[in-house]
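Content type mmCIF, N, CA and C atoms, from the file entry.cif:
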```cif
data_start
loop_
_atom_site.label_atom_id
_atom_site.label_comp_id
_atom_site.auth_asym_id
_atom_site.auth_seq_id
_atom_site.Cartn_x
_atom_site.Cartn_y
_atom_site.Cartn_z
N MET A 1 0.84 -1.17 0.00
CA MET A 1 0.00 0.00 0.00
C MET A 1 0.89 1.24 0.00
N ILE A 2 0.57 2.17 -0.85
CA ILE A 2 1.27 3.45 -0.90
C ILE A 2 0.41 4.47 -0.15
N ARG A 3 1.04 5.21 0.75
CA ARG A 3 0.33 6.25 1.50
C ARG A 3 0.87 7.61 1.08
N ILE A 4 -0.04 8.51 0.74
CA ILE A 4 0.34 9.86 0.34
C ILE A 4 -0.36 10.83 1.27
N ASN A 5 0.41 11.65 1.96
CA ASN A 5 -0.13 12.64 2.87
C ASN A 5 0.15 14.02 2.27
N VAL A 6 -0.91 14.75 1.91
CA VAL A 6 -0.78 16.07 1.30
C VAL A 6 -1.20 17.11 2.32
N LYS A 7 -0.29 18.03 2.63
CA LYS A 7 -0.56 19.12 3.57
C LYS A 7 -0.25 20.45 2.89
N ASP A 8 -0.58 21.53 3.57
CA ASP A 8 -0.29 22.86 3.03
C ASP A 8 1.19 23.12 2.88
N THR A 9 2.01 22.43 3.65
CA THR A 9 3.45 22.68 3.62
C THR A 9 4.26 21.56 3.00
N GLY A 10 3.60 20.53 2.45
CA GLY A 10 4.37 19.47 1.82
C GLY A 10 3.61 18.20 1.57
N ILE A 11 4.32 17.24 1.02
CA ILE A 11 3.76 15.94 0.65
C ILE A 11 4.73 14.86 1.13
N THR A 12 4.17 13.80 1.71
CA THR A 12 4.96 12.62 2.07
C THR A 12 4.37 11.43 1.33
N VAL A 13 5.22 10.68 0.65
CA VAL A 13 4.82 9.46 -0.06
C VAL A 13 5.62 8.32 0.56
N SER A 14 4.93 7.26 0.99
CA SER A 14 5.66 6.13 1.58
C SER A 14 4.99 4.82 1.23
N GLY A 15 5.78 3.77 1.23
CA GLY A 15 5.28 2.43 0.98
C GLY A 15 5.47 1.96 -0.44
N HIS A 16 4.99 0.76 -0.69
CA HIS A 16 5.05 0.14 -2.02
C HIS A 16 3.72 -0.55 -2.30
N ALA A 17 3.35 -0.60 -3.54
CA ALA A 17 2.15 -1.33 -3.95
C ALA A 17 2.55 -2.76 -4.29
N GLN A 18 1.61 -3.67 -4.15
CA GLN A 18 1.87 -5.05 -4.57
C GLN A 18 1.92 -5.09 -6.09
N ARG A 19 2.79 -5.95 -6.61
CA ARG A 19 2.86 -6.13 -8.07
C ARG A 19 1.57 -6.77 -8.56
N LEU A 20 1.14 -6.35 -9.72
CA LEU A 20 -0.02 -6.98 -10.35
C LEU A 20 0.35 -8.40 -10.76
N PRO A 21 -0.61 -9.32 -10.83
CA PRO A 21 -0.31 -10.69 -11.22
C PRO A 21 0.45 -10.75 -12.55
N GLY A 22 1.52 -11.52 -12.56
CA GLY A 22 2.31 -11.68 -13.77
C GLY A 22 3.41 -10.65 -13.96
N ALA A 23 3.41 -9.59 -13.15
CA ALA A 23 4.44 -8.55 -13.29
C ALA A 23 5.72 -9.01 -12.61
N SER A 24 6.84 -8.82 -13.29
CA SER A 24 8.12 -9.19 -12.71
C SER A 24 8.61 -8.08 -11.78
N PRO A 25 9.53 -8.40 -10.87
CA PRO A 25 10.07 -7.37 -9.97
C PRO A 25 10.61 -6.19 -10.77
N GLY A 26 10.34 -5.00 -10.27
CA GLY A 26 10.79 -3.79 -10.96
C GLY A 26 9.83 -3.31 -12.03
N HIS A 27 8.72 -3.99 -12.22
CA HIS A 27 7.75 -3.63 -13.25
C HIS A 27 6.36 -3.43 -12.64
N ASN A 28 6.32 -2.66 -11.58
CA ASN A 28 5.07 -2.39 -10.89
C ASN A 28 4.47 -1.10 -11.44
N ILE A 29 3.38 -1.23 -12.16
CA ILE A 29 2.77 -0.08 -12.83
C ILE A 29 2.26 0.97 -11.83
N ILE A 30 1.82 0.53 -10.67
CA ILE A 30 1.30 1.46 -9.67
C ILE A 30 2.45 2.30 -9.09
N CYS A 31 3.51 1.64 -8.66
CA CYS A 31 4.66 2.37 -8.12
C CYS A 31 5.29 3.27 -9.18
N ALA A 32 5.37 2.77 -10.40
CA ALA A 32 5.95 3.57 -11.48
C ALA A 32 5.12 4.83 -11.73
N GLY A 33 3.80 4.70 -11.72
CA GLY A 33 2.94 5.86 -11.95
C GLY A 33 3.07 6.88 -10.84
N VAL A 34 3.06 6.42 -9.59
CA VAL A 34 3.20 7.35 -8.46
C VAL A 34 4.58 8.01 -8.50
N SER A 35 5.61 7.24 -8.79
CA SER A 35 6.96 7.81 -8.88
C SER A 35 7.05 8.85 -9.98
N ALA A 36 6.48 8.56 -11.14
CA ALA A 36 6.54 9.50 -12.26
C ALA A 36 5.83 10.80 -11.91
N LEU A 37 4.65 10.71 -11.32
CA LEU A 37 3.93 11.93 -10.94
C LEU A 37 4.70 12.73 -9.88
N THR A 38 5.25 12.02 -8.89
CA THR A 38 5.96 12.69 -7.80
C THR A 38 7.23 13.37 -8.30
N LEU A 39 8.02 12.67 -9.10
CA LEU A 39 9.26 13.26 -9.61
C LEU A 39 8.98 14.40 -10.59
N THR A 40 7.89 14.30 -11.33
CA THR A 40 7.50 15.40 -12.22
C THR A 40 7.12 16.63 -11.41
N LEU A 41 6.36 16.44 -10.34
CA LEU A 41 6.00 17.57 -9.47
C LEU A 41 7.26 18.25 -8.95
N ILE A 42 8.23 17.47 -8.51
CA ILE A 42 9.48 18.04 -8.00
C ILE A 42 10.18 18.85 -9.09
N GLU A 43 10.22 18.33 -10.31
CA GLU A 43 10.92 19.01 -11.41
C GLU A 43 10.25 20.29 -11.89
N VAL A 44 8.92 20.29 -11.95
CA VAL A 44 8.22 21.43 -12.57
C VAL A 44 7.70 22.45 -11.57
N ALA A 45 7.85 22.19 -10.29
CA ALA A 45 7.27 23.07 -9.28
C ALA A 45 7.73 24.52 -9.44
N GLY A 46 8.98 24.74 -9.81
CA GLY A 46 9.46 26.10 -10.01
C GLY A 46 9.45 26.93 -8.74
N ILE A 47 9.47 26.26 -7.60
CA ILE A 47 9.49 26.94 -6.31
C ILE A 47 10.61 26.35 -5.48
N GLU A 48 10.99 27.07 -4.45
CA GLU A 48 12.00 26.56 -3.54
C GLU A 48 11.39 25.44 -2.72
N ILE A 49 11.89 24.22 -2.91
CA ILE A 49 11.37 23.09 -2.15
C ILE A 49 12.53 22.32 -1.53
N GLN A 50 12.25 21.65 -0.46
CA GLN A 50 13.18 20.70 0.14
C GLN A 50 12.67 19.33 -0.26
N GLU A 51 13.54 18.45 -0.65
CA GLU A 51 13.10 17.12 -1.06
C GLU A 51 14.03 16.05 -0.52
N SER A 52 13.47 14.88 -0.29
CA SER A 52 14.21 13.71 0.11
C SER A 52 13.59 12.54 -0.63
N VAL A 53 14.37 11.89 -1.49
CA VAL A 53 13.85 10.77 -2.28
C VAL A 53 14.71 9.55 -1.99
N ARG A 54 14.05 8.48 -1.49
CA ARG A 54 14.70 7.19 -1.26
C ARG A 54 13.72 6.11 -1.67
N PRO A 55 14.18 4.90 -1.91
CA PRO A 55 13.23 3.83 -2.24
C PRO A 55 12.15 3.69 -1.16
N GLY A 56 10.91 3.79 -1.57
CA GLY A 56 9.79 3.62 -0.65
C GLY A 56 9.42 4.85 0.15
N SER A 57 10.12 5.97 -0.04
CA SER A 57 9.82 7.16 0.75
C SER A 57 10.27 8.42 0.02
N THR A 58 9.36 9.36 -0.10
CA THR A 58 9.69 10.67 -0.66
C THR A 58 9.02 11.72 0.20
N ILE A 59 9.80 12.74 0.57
CA ILE A 59 9.27 13.85 1.34
C ILE A 59 9.56 15.13 0.57
N ILE A 60 8.52 15.91 0.31
CA ILE A 60 8.66 17.20 -0.36
C ILE A 60 8.07 18.24 0.58
N SER A 61 8.80 19.31 0.84
CA SER A 61 8.25 20.37 1.68
C SER A 61 8.58 21.72 1.07
N TRP A 62 7.75 22.68 1.38
CA TRP A 62 7.92 24.04 0.88
C TRP A 62 7.40 25.01 1.94
N PRO A 63 7.93 26.24 1.95
CA PRO A 63 7.48 27.22 2.94
C PRO A 63 6.12 27.82 2.59
N ASP A 64 5.86 28.04 1.32
CA ASP A 64 4.61 28.67 0.90
C ASP A 64 4.42 28.39 -0.59
N LEU A 65 3.18 28.23 -1.02
CA LEU A 65 2.89 27.99 -2.43
C LEU A 65 2.11 29.16 -3.01
N ASN A 66 2.47 29.56 -4.21
CA ASN A 66 1.66 30.55 -4.92
C ASN A 66 0.53 29.81 -5.64
N GLU A 67 -0.28 30.53 -6.39
CA GLU A 67 -1.43 29.92 -7.06
C GLU A 67 -0.99 28.83 -8.05
N ILE A 68 0.10 29.06 -8.76
CA ILE A 68 0.60 28.06 -9.70
C ILE A 68 1.03 26.80 -8.95
N GLY A 69 1.73 26.97 -7.84
CA GLY A 69 2.14 25.83 -7.03
C GLY A 69 0.95 25.04 -6.52
N ARG A 70 -0.09 25.73 -6.06
CA ARG A 70 -1.29 25.04 -5.58
C ARG A 70 -1.97 24.29 -6.72
N ALA A 71 -1.98 24.88 -7.92
CA ALA A 71 -2.58 24.21 -9.09
C ALA A 71 -1.78 22.95 -9.44
N LEU A 72 -0.46 23.01 -9.33
CA LEU A 72 0.37 21.83 -9.60
C LEU A 72 0.08 20.72 -8.60
N VAL A 73 -0.06 21.07 -7.34
CA VAL A 73 -0.35 20.06 -6.32
C VAL A 73 -1.74 19.46 -6.56
N ARG A 74 -2.72 20.29 -6.91
CA ARG A 74 -4.07 19.76 -7.21
C ARG A 74 -4.01 18.81 -8.40
N THR A 75 -3.24 19.15 -9.42
CA THR A 75 -3.09 18.30 -10.59
C THR A 75 -2.41 16.98 -10.22
N TYR A 76 -1.40 17.06 -9.37
CA TYR A 76 -0.71 15.87 -8.87
C TYR A 76 -1.70 14.94 -8.17
N VAL A 77 -2.54 15.50 -7.29
CA VAL A 77 -3.52 14.70 -6.56
C VAL A 77 -4.53 14.08 -7.53
N LEU A 78 -4.96 14.82 -8.54
CA LEU A 78 -5.88 14.26 -9.54
C LEU A 78 -5.26 13.05 -10.24
N GLY A 79 -3.99 13.13 -10.58
CA GLY A 79 -3.30 12.00 -11.19
C GLY A 79 -3.24 10.81 -10.26
N LEU A 80 -2.94 11.06 -8.98
CA LEU A 80 -2.91 9.98 -8.00
C LEU A 80 -4.28 9.35 -7.83
N GLU A 81 -5.34 10.17 -7.81
CA GLU A 81 -6.69 9.64 -7.69
C GLU A 81 -7.04 8.75 -8.89
N GLY A 82 -6.56 9.12 -10.07
CA GLY A 82 -6.79 8.29 -11.25
C GLY A 82 -6.14 6.93 -11.12
N ILE A 83 -4.91 6.90 -10.62
CA ILE A 83 -4.23 5.62 -10.39
C ILE A 83 -4.97 4.82 -9.34
N ARG A 84 -5.34 5.46 -8.24
CA ARG A 84 -6.06 4.78 -7.16
C ARG A 84 -7.38 4.19 -7.67
N ASP A 85 -8.12 4.98 -8.45
CA ASP A 85 -9.42 4.51 -8.93
C ASP A 85 -9.28 3.35 -9.91
N SER A 86 -8.17 3.31 -10.65
CA SER A 86 -7.96 2.23 -11.62
C SER A 86 -7.35 0.98 -11.00
N TYR A 87 -6.44 1.16 -10.03
CA TYR A 87 -5.67 0.02 -9.53
C TYR A 87 -5.76 -0.21 -8.03
N GLY A 88 -6.27 0.76 -7.27
CA GLY A 88 -6.25 0.63 -5.82
C GLY A 88 -4.83 0.82 -5.30
N GLU A 89 -4.56 0.29 -4.13
CA GLU A 89 -3.21 0.28 -3.52
C GLU A 89 -2.68 1.65 -3.12
N ILE A 90 -3.53 2.70 -3.17
CA ILE A 90 -3.07 4.04 -2.79
C ILE A 90 -4.06 4.62 -1.78
N THR A 91 -3.53 5.17 -0.70
CA THR A 91 -4.33 5.92 0.25
C THR A 91 -3.85 7.36 0.20
N ILE A 92 -4.77 8.30 -0.06
CA ILE A 92 -4.42 9.71 -0.12
C ILE A 92 -5.07 10.40 1.08
N ILE A 93 -4.24 11.03 1.89
CA ILE A 93 -4.75 11.73 3.08
C ILE A 93 -4.64 13.23 2.84
#
```
Represent the supplied structure as structure tokens.
Amino acid sequence: MIRINVKDTGITVSGHAQRLPGASPGHNIICAGVSALTLTLIEVAGIEIQESVRPGSTIISWPDLNEIGRALVRTYVLGLEGIRDSYGEITII
């Protein structure tokens, strides 16, 4: 199970999803999707952020978000909700 905690000052992503039946190690579509969205948010945020990325855990924090930053976070959450609705294995707080 992947847990994503979204707050006004940052995002914490932790855990791993179970591989879908028949998927070999390293080919988990759920983890890959969450990782792609999270790393994209880090790259395009265009704001001063603190980040920590390790296998199974990512922490992103920021002091304040402007309207563009808030829109990026909302878009990130929409992408996560799409993955959750299609595959499960994600809890968004």
Query raised in the report: Just so the selection is clear, what residues does the PyMOL selection byres ((chain A and resi 30) around 8) cover here, as a ChimeraX atom specification?
Result: /A:16-20,27-29,31-36,83-84,87-89
**Report entry** Selected residue of minimal separation from Tyr76 of chain A among A:Ile92, A:Gln50, A:Leu37, A:Ser61, counting all atoms listed in the file
**Finding:** A:Leu37
**Report entry** Resolved residues for the PyMOL selection byres ((chain A and resi 66-73) around 8) as number ranges by chain
**Finding:** A: 41, 44-47, 63-65, 74-79
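Of the listed residues (A:Ser52, A:Thr91, A:Ser57, A:Ser24), A:Thr91 comes nearest to Arg3 of chain A; the distances count only C-alpha atoms.
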Query raised in the report: Mind checking DSSP for chain A and telling me the strand (DSSP E or B) residues as JSON, numbers by chain?
Result: {"A": [2, 3, 4, 5, 6, 7, 10, 11, 12, 13, 14, 15, 50, 51, 52, 53, 54, 57, 58, 59, 60, 61, 90, 91, 92]}
Query - atom CA of Ser86 of chain A to atom C of Pro25 of chain A, distance in Å rounded to a single decimal - result: 20.4 Å
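Taking atom C of Gly26 of chain A and atom N of Leu39 of chain A as the two end points, the separation is 16.3 Å.
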